[in-house]
>>> print(open('entry.txt').read())   # compact mmCIF, C-alpha atoms and all ligand atoms
# COMPACT_ATOMS: atom_id res chain seq x y z
CA MET V 1 52.87 -5.88 -47.41
CA LEU V 2 53.98 -7.74 -50.47
CA LYS V 3 57.34 -9.33 -49.82
CA GLU V 4 58.23 -11.08 -53.04
CA ASP V 5 61.24 -9.70 -54.93
CA ASN V 6 59.76 -10.28 -58.37
CA ILE V 7 56.40 -8.79 -57.43
CA ILE V 8 56.11 -6.53 -60.49
CA GLU V 9 56.74 -9.45 -62.88
CA LYS V 10 54.05 -11.44 -61.09
CA ILE V 11 51.53 -8.62 -61.29
CA GLU V 12 52.33 -8.03 -64.97
CA LYS V 13 51.89 -11.73 -65.67
CA ALA V 14 48.44 -11.69 -64.04
CA ILE V 15 47.47 -8.60 -66.08
CA ARG V 16 48.61 -10.32 -69.30
CA VAL V 17 46.63 -13.46 -68.55
CA SER V 18 43.55 -11.34 -67.71
CA GLU V 19 43.65 -9.88 -71.25
CA LYS V 20 41.79 -12.96 -72.46
CA TYR V 21 38.65 -11.56 -70.79
CA ILE V 22 38.76 -8.27 -72.74
CA GLY V 23 35.51 -7.94 -74.68
CA GLU V 24 33.49 -10.27 -72.41
CA GLY V 25 30.39 -8.78 -70.78
CA GLU V 26 28.60 -5.44 -71.19
CA VAL V 27 28.90 -2.05 -69.52
CA ALA V 28 25.97 -1.03 -67.29
CA THR V 29 23.39 0.96 -69.25
CA TYR V 30 20.50 1.18 -66.77
CA ILE V 31 22.23 4.34 -65.53
CA PRO V 32 22.59 5.98 -68.97
CA GLU V 33 25.69 8.02 -68.09
CA LEU V 34 27.60 4.81 -67.24
CA ALA V 35 27.39 3.74 -70.89
CA ASN V 36 29.57 6.73 -71.91
CA VAL V 37 32.86 5.09 -71.01
CA ASP V 38 35.49 3.17 -72.93
CA PRO V 39 34.21 -0.38 -72.35
CA ASP V 40 37.77 -1.70 -72.54
CA GLY V 41 39.27 0.91 -70.21
CA PHE V 42 41.51 -0.73 -67.65
CA ALA V 43 43.36 0.11 -64.45
CA LEU V 44 44.95 -1.81 -61.61
CA SER V 45 46.26 -0.24 -58.43
CA ILE V 46 47.66 -1.94 -55.35
CA VAL V 47 48.46 0.07 -52.20
CA THR V 48 50.20 -1.82 -49.40
CA VAL V 49 49.64 -1.14 -45.70
CA ASP V 50 53.08 0.49 -45.56
CA GLY V 51 52.16 2.85 -48.39
CA LYS V 52 53.86 1.24 -51.42
CA VAL V 53 51.94 1.69 -54.68
CA TYR V 54 51.93 -0.61 -57.72
CA GLU V 55 49.82 0.93 -60.48
CA PHE V 56 49.09 0.03 -64.10
CA GLY V 57 46.77 1.13 -66.93
CA ASP V 58 44.48 4.18 -67.18
CA LEU V 59 45.38 5.77 -63.86
CA ASP V 60 43.77 9.14 -64.70
CA THR V 61 40.37 7.61 -65.37
CA VAL V 62 37.79 8.82 -62.86
CA PHE V 63 34.91 6.39 -62.25
CA SER V 64 31.94 6.58 -59.91
CA MET V 65 32.19 4.50 -56.74
CA GLN V 66 28.67 3.09 -57.18
CA SER V 67 28.21 0.18 -54.79
CA ILE V 68 31.72 0.46 -53.41
CA SER V 69 30.34 3.51 -51.58
CA LYS V 70 28.21 1.05 -49.59
CA ILE V 71 31.23 0.25 -47.41
CA ILE V 72 31.61 3.95 -46.61
CA SER V 73 27.92 4.34 -45.84
CA LEU V 74 28.10 1.32 -43.51
CA THR V 75 31.25 2.67 -41.83
CA MET V 76 29.64 6.07 -41.24
CA ALA V 77 26.36 4.60 -40.03
CA LEU V 78 28.37 2.57 -37.50
CA LEU V 79 30.46 5.58 -36.46
CA ASP V 80 27.32 7.69 -36.00
CA ASN V 81 25.05 5.13 -34.30
CA GLY V 82 26.98 2.07 -33.08
CA LYS V 83 26.58 -1.58 -34.03
CA GLU V 84 23.43 -2.37 -32.03
CA LEU V 85 21.31 0.26 -33.69
CA VAL V 86 22.64 -0.30 -37.23
CA PHE V 87 22.04 -4.06 -37.12
CA SER V 88 18.56 -3.59 -35.70
CA LYS V 89 17.75 -1.84 -39.02
CA VAL V 90 19.68 -4.03 -41.47
CA GLY V 91 20.63 -7.72 -41.47
CA THR V 92 24.05 -9.36 -41.84
CA GLU V 93 23.34 -12.27 -44.18
CA PRO V 94 24.10 -12.84 -47.88
CA THR V 95 21.26 -13.08 -50.38
CA PRO V 96 20.95 -15.03 -53.63
CA TYR V 97 18.87 -12.22 -55.17
CA LYS V 98 20.08 -9.34 -57.34
CA PHE V 99 21.60 -6.25 -55.73
CA ASN V 100 18.54 -4.12 -56.49
CA SER V 101 15.91 -6.72 -55.69
CA LEU V 102 13.02 -6.00 -53.37
CA ILE V 103 12.88 -9.66 -52.42
CA PRO V 104 15.65 -9.70 -49.79
CA ILE V 105 13.69 -7.16 -47.76
CA ASP V 106 11.34 -8.77 -45.32
CA ASP V 107 11.22 -6.58 -42.27
CA ARG V 108 14.63 -5.19 -43.19
CA ALA V 109 17.28 -5.56 -45.90
CA SER V 110 19.26 -8.78 -45.68
CA ASN V 111 22.64 -7.03 -45.55
CA PRO V 112 24.19 -3.52 -45.81
CA LEU V 113 25.92 -4.15 -49.16
CA ILE V 114 22.85 -4.57 -51.39
CA ASN V 115 20.90 -1.48 -52.46
CA ALA V 116 18.20 -1.84 -49.79
CA GLY V 117 20.88 -2.20 -47.10
CA ALA V 118 22.85 0.82 -48.28
CA ILE V 119 19.69 2.92 -48.50
CA THR V 120 19.16 1.91 -44.86
CA THR V 121 22.69 2.90 -43.82
CA ALA V 122 22.32 6.19 -45.77
CA SER V 123 19.23 6.91 -43.66
CA LEU V 124 21.39 6.56 -40.53
CA ILE V 125 24.11 9.06 -41.46
CA LYS V 126 23.86 12.15 -39.28
CA GLY V 127 23.78 15.76 -40.49
CA ASP V 128 21.45 18.77 -40.64
CA ASP V 129 20.25 18.10 -44.20
CA VAL V 130 21.24 16.12 -47.29
CA ASP V 131 23.96 18.62 -48.25
CA ASP V 132 25.50 18.41 -44.78
CA ARG V 133 25.30 14.60 -44.69
CA PHE V 134 26.83 14.24 -48.15
CA ASP V 135 29.52 16.74 -47.27
CA ARG V 136 30.47 14.51 -44.32
CA VAL V 137 30.57 11.42 -46.57
CA LEU V 138 32.67 13.11 -49.27
CA THR V 139 35.08 14.62 -46.73
CA PHE V 140 35.51 11.19 -45.12
CA VAL V 141 36.25 9.56 -48.51
CA GLN V 142 38.75 12.32 -49.34
CA LYS V 143 40.47 11.80 -46.00
CA LEU V 144 40.74 8.02 -46.42
CA ALA V 145 41.85 8.39 -50.05
CA GLU V 146 44.28 11.20 -49.09
CA SER V 147 43.04 13.24 -52.04
CA GLU V 148 40.87 16.33 -52.32
CA GLU V 149 40.43 15.56 -56.02
CA VAL V 150 37.88 12.91 -55.09
CA ASN V 151 34.64 14.63 -56.02
CA PHE V 152 30.98 14.47 -56.89
CA LEU V 153 30.06 13.43 -60.46
CA TYR V 154 26.92 15.45 -61.09
CA LYS V 155 26.23 13.90 -64.52
CA VAL V 156 26.26 10.38 -63.09
CA TYR V 157 24.04 11.47 -60.18
CA ASN V 158 21.58 13.25 -62.45
CA SER V 159 21.42 10.32 -64.85
CA GLU V 160 20.70 7.87 -62.01
CA MET V 161 18.19 10.18 -60.29
CA LYS V 162 16.15 10.25 -63.50
CA THR V 163 16.07 6.48 -63.88
CA THR V 164 16.13 5.13 -60.35
CA ASP V 165 12.54 4.01 -59.86
CA VAL V 166 13.63 0.65 -58.46
CA ASN V 167 15.65 2.31 -55.70
CA ARG V 168 12.79 4.74 -55.11
CA ALA V 169 10.43 1.78 -54.65
CA ILE V 170 12.89 0.13 -52.26
CA THR V 171 13.19 3.35 -50.25
CA TYR V 172 9.39 3.72 -49.95
CA TYR V 173 9.12 0.08 -48.92
CA LEU V 174 11.78 0.48 -46.20
CA LYS V 175 9.99 3.55 -44.88
CA SER V 176 6.70 1.64 -44.82
CA LYS V 177 8.44 -0.97 -42.64
CA GLY V 178 9.46 1.72 -40.14
CA ILE V 179 13.19 1.47 -40.91
CA PHE V 180 13.52 5.27 -40.97
CA GLU V 181 11.35 8.36 -40.57
CA LYS V 182 13.16 10.86 -42.79
CA PRO V 183 11.52 11.87 -46.10
CA VAL V 184 12.05 9.19 -48.78
CA GLU V 185 13.50 11.62 -51.32
CA GLU V 186 16.16 12.78 -48.83
CA VAL V 187 17.32 9.25 -48.08
CA LEU V 188 17.31 8.25 -51.76
CA ASP V 189 19.16 11.44 -52.68
CA LEU V 190 21.99 10.75 -50.25
CA TYR V 191 22.26 7.12 -51.40
CA ILE V 192 22.54 8.17 -55.09
CA ARG V 193 24.98 10.99 -54.26
CA ASP V 194 27.20 8.47 -52.42
CA CYS V 195 27.14 6.20 -55.50
CA SER V 196 28.18 9.17 -57.66
CA ILE V 197 31.46 9.97 -55.91
CA GLY V 198 34.17 10.10 -58.59
CA ILE V 199 37.52 8.53 -57.78
CA LYS V 200 40.65 7.17 -59.49
CA ALA V 201 42.03 3.65 -59.02
CA THR V 202 44.95 4.58 -56.76
CA GLU V 203 42.82 6.94 -54.64
CA LEU V 204 40.37 4.09 -54.05
CA ALA V 205 43.18 1.63 -53.31
CA ARG V 206 44.60 4.09 -50.77
CA LEU V 207 41.17 4.31 -49.14
CA GLY V 208 41.09 0.51 -49.08
CA SER V 209 44.55 0.31 -47.52
CA VAL V 210 43.12 1.93 -44.36
CA PHE V 211 40.75 -1.04 -44.04
CA ALA V 212 43.65 -3.43 -44.80
CA ASN V 213 45.64 -1.78 -42.02
CA GLY V 214 43.16 -2.19 -39.15
CA GLY V 215 41.78 1.34 -39.66
CA LYS V 216 45.12 3.19 -39.70
CA ASN V 217 46.47 5.20 -42.61
CA SER V 218 50.11 4.88 -43.69
CA LYS V 219 51.08 7.60 -41.17
CA GLY V 220 49.69 5.46 -38.35
CA GLU V 221 46.63 7.63 -37.66
CA GLN V 222 43.62 5.56 -36.54
CA LEU V 223 40.88 6.81 -38.89
CA ILE V 224 38.41 3.94 -38.31
CA SER V 225 38.17 1.75 -35.20
CA GLU V 226 39.32 -1.87 -35.45
CA ASP V 227 35.83 -2.96 -34.45
CA ILE V 228 34.25 -1.19 -37.43
CA VAL V 229 36.97 -2.46 -39.80
CA ARG V 230 36.26 -6.05 -38.74
CA ILE V 231 32.53 -5.60 -39.30
CA VAL V 232 32.93 -4.00 -42.73
CA LEU V 233 35.50 -6.54 -43.95
CA SER V 234 33.43 -9.51 -42.82
CA GLN V 235 30.37 -8.11 -44.59
CA MET V 236 32.47 -7.55 -47.73
CA ALA V 237 33.69 -11.15 -47.53
CA SER V 238 30.19 -12.61 -47.18
CA CYS V 239 28.10 -10.15 -49.23
CA GLY V 240 30.38 -7.81 -51.24
CA MET V 241 30.21 -9.62 -54.59
CA TYR V 242 26.42 -10.11 -54.53
CA GLU V 243 25.16 -13.52 -55.54
CA GLU V 244 28.74 -14.52 -56.45
CA SER V 245 30.07 -13.72 -52.96
CA GLY V 246 30.51 -17.31 -51.76
CA ARG V 247 32.19 -18.41 -54.97
CA PHE V 248 34.48 -15.36 -55.03
CA LEU V 249 35.53 -15.95 -51.42
CA MET V 250 36.19 -19.61 -52.17
CA GLU V 251 38.23 -18.96 -55.32
CA VAL V 252 39.95 -15.66 -54.54
CA GLY V 253 39.90 -15.64 -50.76
CA PHE V 254 39.68 -12.06 -49.53
CA PRO V 255 36.96 -9.45 -48.86
CA ALA V 256 35.89 -7.43 -51.91
CA LYS V 257 33.24 -4.98 -53.03
CA SER V 258 32.18 -4.33 -56.61
CA GLY V 259 30.44 -1.41 -58.29
CA VAL V 260 28.51 -1.23 -61.58
CA SER V 261 30.94 1.35 -62.96
CA GLY V 262 33.32 -1.62 -63.28
CA ALA V 263 35.57 -1.19 -60.27
CA ILE V 264 36.25 -3.79 -57.62
CA LEU V 265 38.01 -3.04 -54.33
CA GLY V 266 39.68 -6.07 -52.76
CA ILE V 267 41.17 -5.92 -49.27
CA VAL V 268 43.84 -8.30 -48.00
CA PRO V 269 44.02 -7.64 -44.24
CA GLY V 270 47.51 -6.83 -43.01
CA ARG V 271 48.86 -6.62 -46.54
CA CYS V 272 47.22 -4.43 -49.18
CA ALA V 273 44.17 -3.10 -51.00
CA ILE V 274 43.71 -3.82 -54.70
CA VAL V 275 41.52 -1.89 -57.14
CA THR V 276 40.66 -3.22 -60.57
CA TYR V 277 38.79 -1.11 -63.09
CA SER V 278 37.30 -2.70 -66.20
CA PRO V 279 33.70 -1.68 -67.01
CA ARG V 280 32.33 -4.79 -68.71
CA LEU V 281 30.13 -6.63 -66.22
CA ASP V 282 28.67 -10.08 -65.70
CA GLU V 283 25.01 -10.78 -64.90
CA SER V 284 25.57 -10.10 -61.19
CA GLY V 285 26.97 -6.61 -61.86
CA ASN V 286 30.59 -7.58 -61.16
CA SER V 287 33.44 -6.63 -63.54
CA ILE V 288 34.44 -9.72 -65.52
CA ARG V 289 38.09 -8.90 -66.16
CA GLY V 290 38.36 -7.42 -62.68
CA LYS V 291 37.17 -10.49 -60.81
CA HIS V 292 39.40 -12.77 -62.90
CA LEU V 293 42.39 -10.49 -62.40
CA LEU V 294 41.87 -10.55 -58.62
CA ASP V 295 41.77 -14.35 -58.82
CA LEU V 296 45.00 -14.44 -60.85
CA LEU V 297 46.73 -12.01 -58.46
CA SER V 298 45.57 -14.05 -55.48
CA ASP V 299 47.25 -17.13 -56.97
CA GLU V 300 50.39 -15.34 -58.19
CA ILE V 301 51.20 -13.52 -54.96
CA ARG V 302 49.41 -15.78 -52.48
CA LEU V 303 46.79 -13.39 -51.21
CA ASN V 304 44.17 -15.93 -50.11
CA ILE V 305 43.51 -15.27 -46.42
CA PHE V 306 42.61 -18.94 -45.89
CA LEU V 307 46.11 -20.09 -46.82
CA HIS V 308 49.01 -19.39 -44.49
CA GLU V 309 52.33 -17.96 -45.70
O1 LIG W 401 21.77 1.79 -57.03
C1 LIG W 401 22.31 1.35 -58.03
O2 LIG W 401 21.76 0.52 -58.76
C2 LIG W 401 23.73 1.82 -58.35
N1 LIG W 401 23.87 3.19 -57.98
C3 LIG W 401 24.75 0.99 -57.63
C4 LIG W 401 24.64 -0.48 -57.92
C5 LIG W 401 25.92 -1.19 -57.96
O3 LIG W 401 27.00 -0.63 -58.09
C6 LIG W 401 25.84 -2.66 -57.94
N2 LIG W 401 27.16 -3.20 -58.16
N3 LIG W 401 27.80 -3.96 -58.61
>>> encode(input="entry.txt", output="structure tokens")
Amino acid sequence: MLKEDNIIEKIEKAIRVSEKYIGEGEVATYIPELANVDPDGFALSIVTVDGKVYEFGDLDTVFSMQSISKIISLTMALLDNGKELVFSKVGTEPTPYKFNSLIPIDDRASNPLINAGAITTASLIKGDDVDDRFDRVLTFVQKLAESEEVNFLYKVYNSEMKTTDVNRAITYYLKSKGIFEKPVEEVLDLYIRDCSIGIKATELARLGSVFANGGKNSKGEQLISEDIVRIVLSQMASCGMYEESGRFLMEVGFPAKSGVSGAILGIVPGRCAIVTYSPRLDESGNSIRGKHLLDLLSDEIRLNIFLHE
């Protein structure tokens, strides 16, 4: 919940100040389809735990979830298998290496929010075949986002499938370490499909508000257990912004997860979820304007979880 009376003025001020970052950074091109966006496209959406929405910018823009889907894959792996099994296959610790590096894999990926970790959690999602597993993931995202318009972006998927040799290598490596037994191509396919879910800013913020609200949607239905919410949020806080995670937590002060399409989902427990969309990225793969805007909003409306009211 955001109590301040002049909340809209404060949000608009943060947006204005964030304009100085327009033009900084580059859109991701290693997935060719991601380069076909307006690099200066922008959206901000905040959904509070009691269902209020504050939204600005290009609200009809659909972007792929990319690495933000890693929180869904982790949630579903936990729902399907429980904590013990999941964290016997993937670690819980941050890594200073890039999100698609093979280095943070020793016997297992260092955490569930880098590529190797999300490929691991994808391998743990139950279902008869890839179509069935992905159907479960997409239906779950639609339910959390309260929108059946959330859908699969085939062009993004196809573009990544053709260029994803690094993830293919990671998947083979994980299989060689005995992390899963399923065929490599099946596991990789589900991981890339999850990354290719298309969503709008407010749909994603609504999904995030369930995590902000201890697993309940705005109608009070418990969609995710508190135990899973606490695990996912703590992993987002420690690992969600890749090699900038510690700095982001120090400066901004709440759990967040970025994706190379340029979105960031921030979660302020008990209060709100915030989605920024701005496709120009820094070296870590985090949106430049997005991360600065979250910092500005955190200061303007006191969202840092390490400061009391
Ligand atoms: O596997 C990949 O490289 C992409 N599908 C997702 C990476 C990503 O979003 C990293 N995020 N900032």
>>> residues_near_ligand(input="entry.txt", ligand="ligand LIG 401 (chain W)", cutoff="10 Å", atoms="all atoms listed in the file", output="JSON, numbers by chain")
{"V": [28, 30, 31, 64, 65, 66, 67, 68, 69, 70, 98, 99, 100, 101, 113, 114, 115, 116, 118, 119, 156, 157, 160, 161, 163, 164, 165, 166, 167, 168, 188, 191, 192, 193, 194, 195, 196, 240, 241, 242, 257, 258, 259, 260, 261, 262, 263, 264, 281, 282, 283, 284, 285, 286, 287]}
>>> atom_distance(input="entry.txt", atom1="atom CA of V:Glu146", atom2="atom CA of V:Pro279")
24.5 Å
>>> atom_distance(input="entry.txt", atom1="atom CA of V:Met236", atom2="atom CA of V:Ala256")
5.4 Å
>>> closest_residue(input="entry.txt", among="V:Leu124, V:Leu207, V:Leu138, V:Cys239", to="V:Pro96", atoms="all atoms listed in the file")
V:Cys239
>>> axis_aligned_box(input="entry.txt", around="stretch 99-118 of chain V", padding_each_side="5 Å", output="AutoDock Vina command-line options")
--center_x 18.6 --center_y -4.4 --center_z -49.4 --size_x 24.7 --size_y 20.5 --size_z 24.2
>>> atom_distance(input="entry.txt", atom1="atom CA of V:Val49", atom2="atom CA of V:Ala122")
28.3 Å
>>> build_atoms(input="entry.txt", residues="stretch 135-147 of chain V", atoms="N, CA, C and O atoms", output="PDB file, in the frame of the given file")
ATOM      1  N   ASP V 135      28.239  16.081 -47.500  1.00  0.00           N
ATOM      2  CA  ASP V 135      29.520  16.740 -47.270  1.00  0.00           C
ATOM      3  C   ASP V 135      30.379  15.906 -46.301  1.00  0.00           C
ATOM      4  O   ASP V 135      31.581  15.724 -46.503  1.00  0.00           O
ATOM      5  N   ARG V 136      29.731  15.360 -45.270  1.00  0.00           N
ATOM      6  CA  ARG V 136      30.470  14.510 -44.320  1.00  0.00           C
ATOM      7  C   ARG V 136      31.004  13.252 -45.018  1.00  0.00           C
ATOM      8  O   ARG V 136      32.127  12.826 -44.788  1.00  0.00           O
ATOM      9  N   VAL V 137      30.153  12.645 -45.877  1.00  0.00           N
ATOM     10  CA  VAL V 137      30.570  11.420 -46.570  1.00  0.00           C
ATOM     11  C   VAL V 137      31.764  11.720 -47.493  1.00  0.00           C
ATOM     12  O   VAL V 137      32.786  11.035 -47.457  1.00  0.00           O
ATOM     13  N   LEU V 138      31.613  12.780 -48.304  1.00  0.00           N
ATOM     14  CA  LEU V 138      32.670  13.110 -49.270  1.00  0.00           C
ATOM     15  C   LEU V 138      33.977  13.467 -48.563  1.00  0.00           C
ATOM     16  O   LEU V 138      35.059  13.020 -48.956  1.00  0.00           O
ATOM     17  N   THR V 139      33.871  14.229 -47.478  1.00  0.00           N
ATOM     18  CA  THR V 139      35.080  14.620 -46.730  1.00  0.00           C
ATOM     19  C   THR V 139      35.766  13.384 -46.151  1.00  0.00           C
ATOM     20  O   THR V 139      36.994  13.272 -46.153  1.00  0.00           O
ATOM     21  N   PHE V 140      34.963  12.430 -45.687  1.00  0.00           N
ATOM     22  CA  PHE V 140      35.510  11.190 -45.120  1.00  0.00           C
ATOM     23  C   PHE V 140      36.237  10.395 -46.218  1.00  0.00           C
ATOM     24  O   PHE V 140      37.352   9.903 -46.004  1.00  0.00           O
ATOM     25  N   VAL V 141      35.615  10.289 -47.402  1.00  0.00           N
ATOM     26  CA  VAL V 141      36.250   9.560 -48.510  1.00  0.00           C
ATOM     27  C   VAL V 141      37.556  10.253 -48.907  1.00  0.00           C
ATOM     28  O   VAL V 141      38.590   9.604 -49.110  1.00  0.00           O
ATOM     29  N   GLN V 142      37.533  11.578 -48.985  1.00  0.00           N
ATOM     30  CA  GLN V 142      38.750  12.320 -49.340  1.00  0.00           C
ATOM     31  C   GLN V 142      39.863  12.073 -48.324  1.00  0.00           C
ATOM     32  O   GLN V 142      41.026  11.922 -48.686  1.00  0.00           O
ATOM     33  N   LYS V 143      39.480  12.005 -47.060  1.00  0.00           N
ATOM     34  CA  LYS V 143      40.470  11.800 -46.000  1.00  0.00           C
ATOM     35  C   LYS V 143      41.084  10.396 -46.109  1.00  0.00           C
ATOM     36  O   LYS V 143      42.303  10.230 -46.033  1.00  0.00           O
ATOM     37  N   LEU V 144      40.242   9.392 -46.311  1.00  0.00           N
ATOM     38  CA  LEU V 144      40.740   8.020 -46.420  1.00  0.00           C
ATOM     39  C   LEU V 144      41.586   7.851 -47.684  1.00  0.00           C
ATOM     40  O   LEU V 144      42.583   7.135 -47.685  1.00  0.00           O
ATOM     41  N   ALA V 145      41.148   8.515 -48.768  1.00  0.00           N
ATOM     42  CA  ALA V 145      41.850   8.390 -50.050  1.00  0.00           C
ATOM     43  C   ALA V 145      43.061   9.324 -50.123  1.00  0.00           C
ATOM     44  O   ALA V 145      43.852   9.252 -51.065  1.00  0.00           O
ATOM     45  N   GLU V 146      43.204  10.198 -49.121  1.00  0.00           N
ATOM     46  CA  GLU V 146      44.280  11.200 -49.090  1.00  0.00           C
ATOM     47  C   GLU V 146      44.300  12.021 -50.374  1.00  0.00           C
ATOM     48  O   GLU V 146      45.357  12.245 -50.971  1.00  0.00           O
ATOM     49  N   SER V 147      43.111  12.438 -50.815  1.00  0.00           N
ATOM     50  CA  SER V 147      43.040  13.240 -52.040  1.00  0.00           C
ATOM     51  C   SER V 147      41.800  14.123 -52.033  1.00  0.00           C
ATOM     52  O   SER V 147      40.683  13.627 -51.905  1.00  0.00           O
TER      53      SER V 147
END
